[in-house]
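Engineer: Okay, here's the structure, questions in a sec.
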Amino acid sequence: MILQDNLRPVVPYVPGEQPRDNNVIKLNTNENPYPPSKKVLDALGSIGNDSFRKYPDPEVGSLIDALADYHRVDRKKVFVGVGSDDVLAMCFLTFFNSGREVLFPDISYAFYKVWADLFKINYREVPVSENFEIDPKDYMAENGGMVFPNPNAPTGLALSLDEIESIVKANADNLVIVDEAYIDFGGETALPLVDRYDNLIVTRTFSKSRSMAGMRIGYCIGNEKLISVLNSVKFSYNSYTMSDLAIKTGIASIEDDDYFSRIVKKIVETRESTKKELKALGFTYPDSSSNFIFAKHSELDAEELFNSLKENKIFVRHFNAPRIKDYLRITIGTEREMERLISFLREYIR
């Protein structure tokens, strides 16, 4: 069949389940359990009909200015997309065209492999260690670029800034993308390296720490030339990528840094207390620097526990994949939600 021959075969990314029942404890998609800043809600309330009737600003200029001011960088170093997935996909499409292998960890964000397949990019998944750690030396081989999250997902482990710099420095002729979707919850940001290295792009998202997953706001910071090329590809693909609602609420979130800091602090505190509770119940886990915990129990089947939790309206994430099938990824919810989880686990284990 000619039509069938023209199709591009891709195995799609499978996101975490979005239950229709609102009466659940949802700890499976790394969303923020708290609402966004009141300034964000106020910005929504002030939206006029022109935000719907007219095309949004294709350059997303006001949000770029706000991000540049917030990070104290030149606006020419900032690129904005519809979630960090959009930003990362645009980076794959733009920069990974040499034919050489693009490197990323074998246990990491599953979308990397999907984009590589979709854009017909040659790639190699680099095995993490038995303890799920990324070894910088593994990224000093011949390559056509690389990407890795810091902290990593689903493990939550973070590289130090010195380790990241060693990777960037060793790959002067190749692009290094550091995906910082979870950096606000722990670890050292690579943003200070952007001014020192022309081969580095750091991506960020509003979906996790800023409680705005539904608004789809992502961005990256990098060398002016890299950002200029990214913009050229964007405007060759789709000029009007971000709604006026997203632009205005994104700015409002940036303007309320006190609220942002308080919420992040609360999630980190809940994460640390949950670690202690899980350890007391016999769970082990990498020392997460993110807003989730990647945990397993030596005496419990992870899939059976996953299903039992789901039956009791507690949603976590289980990856039925080699090396990690015994683990559950548990997003940090509110204190009350985590207490419900621990209470269930006590009864389940008893």
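Residues in the structure tokens are named by chain (A, B, ... in the order shown) and by number from 1 within that chain; ligands are numbered from 1 in the order shown.
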Can you tell me which residues surround Leu193 (chain A) at a distance of at most 9 Å, considering only C-alpha atoms, apart from same-chain residues fewer than 3 positions away, and format the answer as a compact mmCIF listing (two decimals) with N, CA and C atoms, in the first residue's frame?
Structural biologist:
# COMPACT_ATOMS: atom_id res chain seq x y z
N LEU A 161 27.88 20.88 39.65
CA LEU A 161 28.21 21.84 38.61
C LEU A 161 29.58 21.54 38.01
N GLU A 165 30.30 20.92 34.09
CA GLU A 165 31.28 21.71 33.37
C GLU A 165 32.32 20.82 32.69
N VAL A 168 30.73 19.74 29.45
CA VAL A 168 30.63 20.84 28.49
C VAL A 168 32.01 21.18 27.93
N THR A 189 22.35 24.64 39.31
CA THR A 189 22.02 25.01 37.94
C THR A 189 23.27 25.23 37.11
N ALA A 190 23.15 24.90 35.82
CA ALA A 190 24.26 25.11 34.88
C ALA A 190 24.22 26.49 34.24
N ARG A 196 30.25 31.27 29.70
CA ARG A 196 31.64 30.81 29.53
C ARG A 196 31.79 29.80 28.40
N TYR A 197 30.67 29.20 27.98
CA TYR A 197 30.74 28.16 26.95
C TYR A 197 29.68 28.39 25.89
N LEU A 200 26.55 25.33 25.08
CA LEU A 200 25.64 24.90 26.14
C LEU A 200 24.27 25.57 26.01
Engineer: Excluding region 87-95 of chain A and any residue of its chain fewer than 6 positions from it, enumerate the residues within 10 Å of it, using only C-alpha atoms, and give them as JSON, numbers by chain.
Structural biologist: {"A": [79, 80, 81, 102, 111, 112, 114, 115, 116, 118, 119, 120, 121, 144, 145, 146, 147, 174, 175, 177, 178, 179, 201, 202, 203, 204, 205, 217, 218, 219, 220, 226, 227, 229, 230, 231, 232, 233, 234, 237]}
Engineer: Please write the residues from the selection above to a file, keeping C-alpha atoms, as a short mmCIF file (atom, residue, chain, number, x, y, z; two decimals), in the first residue's frame.
Structural biologist:
data_model
loop_
_atom_site.label_atom_id
_atom_site.label_comp_id
_atom_site.auth_asym_id
_atom_site.auth_seq_id
_atom_site.Cartn_x
_atom_site.Cartn_y
_atom_site.Cartn_z
CA PHE A 79 14.19 31.28 23.77
CA VAL A 80 10.59 30.48 24.74
CA GLY A 81 8.45 27.52 23.71
CA VAL A 102 23.55 11.96 19.95
CA PHE A 111 10.87 11.60 25.14
CA TYR A 112 14.53 11.94 24.08
CA VAL A 114 11.00 9.53 20.69
CA TRP A 115 12.30 12.82 19.26
CA ALA A 116 15.42 11.10 17.95
CA LEU A 118 10.81 11.12 14.92
CA PHE A 119 13.50 13.36 13.42
CA LYS A 120 15.60 10.41 12.21
CA ILE A 121 18.52 11.32 14.45
CA GLY A 144 27.00 14.60 17.62
CA GLY A 145 25.68 16.32 20.73
CA MET A 146 24.02 15.25 23.95
CA VAL A 147 21.17 15.89 26.35
CA ASN A 174 29.24 19.60 20.18
CA LEU A 175 26.06 20.94 21.73
CA ILE A 177 21.73 20.40 26.50
CA VAL A 178 21.10 20.32 30.24
CA ASP A 179 17.41 19.74 30.92
CA ILE A 201 21.85 25.25 26.27
CA VAL A 202 19.95 25.03 29.55
CA THR A 203 16.22 24.29 29.38
CA ARG A 204 13.61 25.12 32.03
CA THR A 205 9.86 24.73 32.55
CA ILE A 217 5.52 27.42 29.21
CA GLY A 218 9.12 26.38 28.66
CA TYR A 219 12.30 28.22 27.82
CA CYS A 220 16.00 27.84 27.36
CA LEU A 226 22.34 29.26 19.19
CA ILE A 227 19.18 31.12 20.23
CA VAL A 229 19.22 29.71 14.98
CA LEU A 230 16.49 28.27 17.20
CA ASN A 231 14.29 31.24 16.43
CA SER A 232 14.90 30.82 12.71
CA VAL A 233 13.69 27.23 12.89
CA LYS A 234 10.71 28.21 15.06
CA TYR A 237 7.68 26.04 11.54
#
Engineer: Find the residues around Ser209 (chain A) up to 7 Å (only C-alpha atoms counted), leave out those fewer than 3 positions away in its own chain, and share them as a compact mmCIF listing (two decimals) with C-alpha atoms, in the first residue's frame.
Structural biologist:
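Below is the file that was written, part.txt:
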# COMPACT_ATOMS: atom_id res chain seq x y z
CA ASN A 32 2.90 20.75 41.65
CA ASP A 184 14.38 24.34 41.51
CA PHE A 206 7.00 26.39 34.41
CA VAL A 264 9.41 25.08 46.50
Engineer: From the set A:Phe283, A:Phe344, A:Tyr327, A:Tyr259, which residue has the shortest atom-to-atom contact distance to Pro35 (chain A), counting only C-alpha atoms?
Structural biologist: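 Closest to Pro35 (chain A) of all the choices is A:Tyr259.
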Engineer: Could you give me, as a ChimeraX atom specification, the residues within 6 Å of region 285-298 of chain A, counting only C-alpha atoms and dropping anything in the same chain fewer than 5 positions from it?
Structural biologist: /A:155-157,182,185-186,326-332
Engineer: Give me the residues within 12 Å of Glu142 (chain A) as a PyMOL selection string, counting only C-alpha atoms and dropping any in the same chain fewer than 5 places off.
Structural biologist: chain A and resi 98-103+123-124+137+170-174
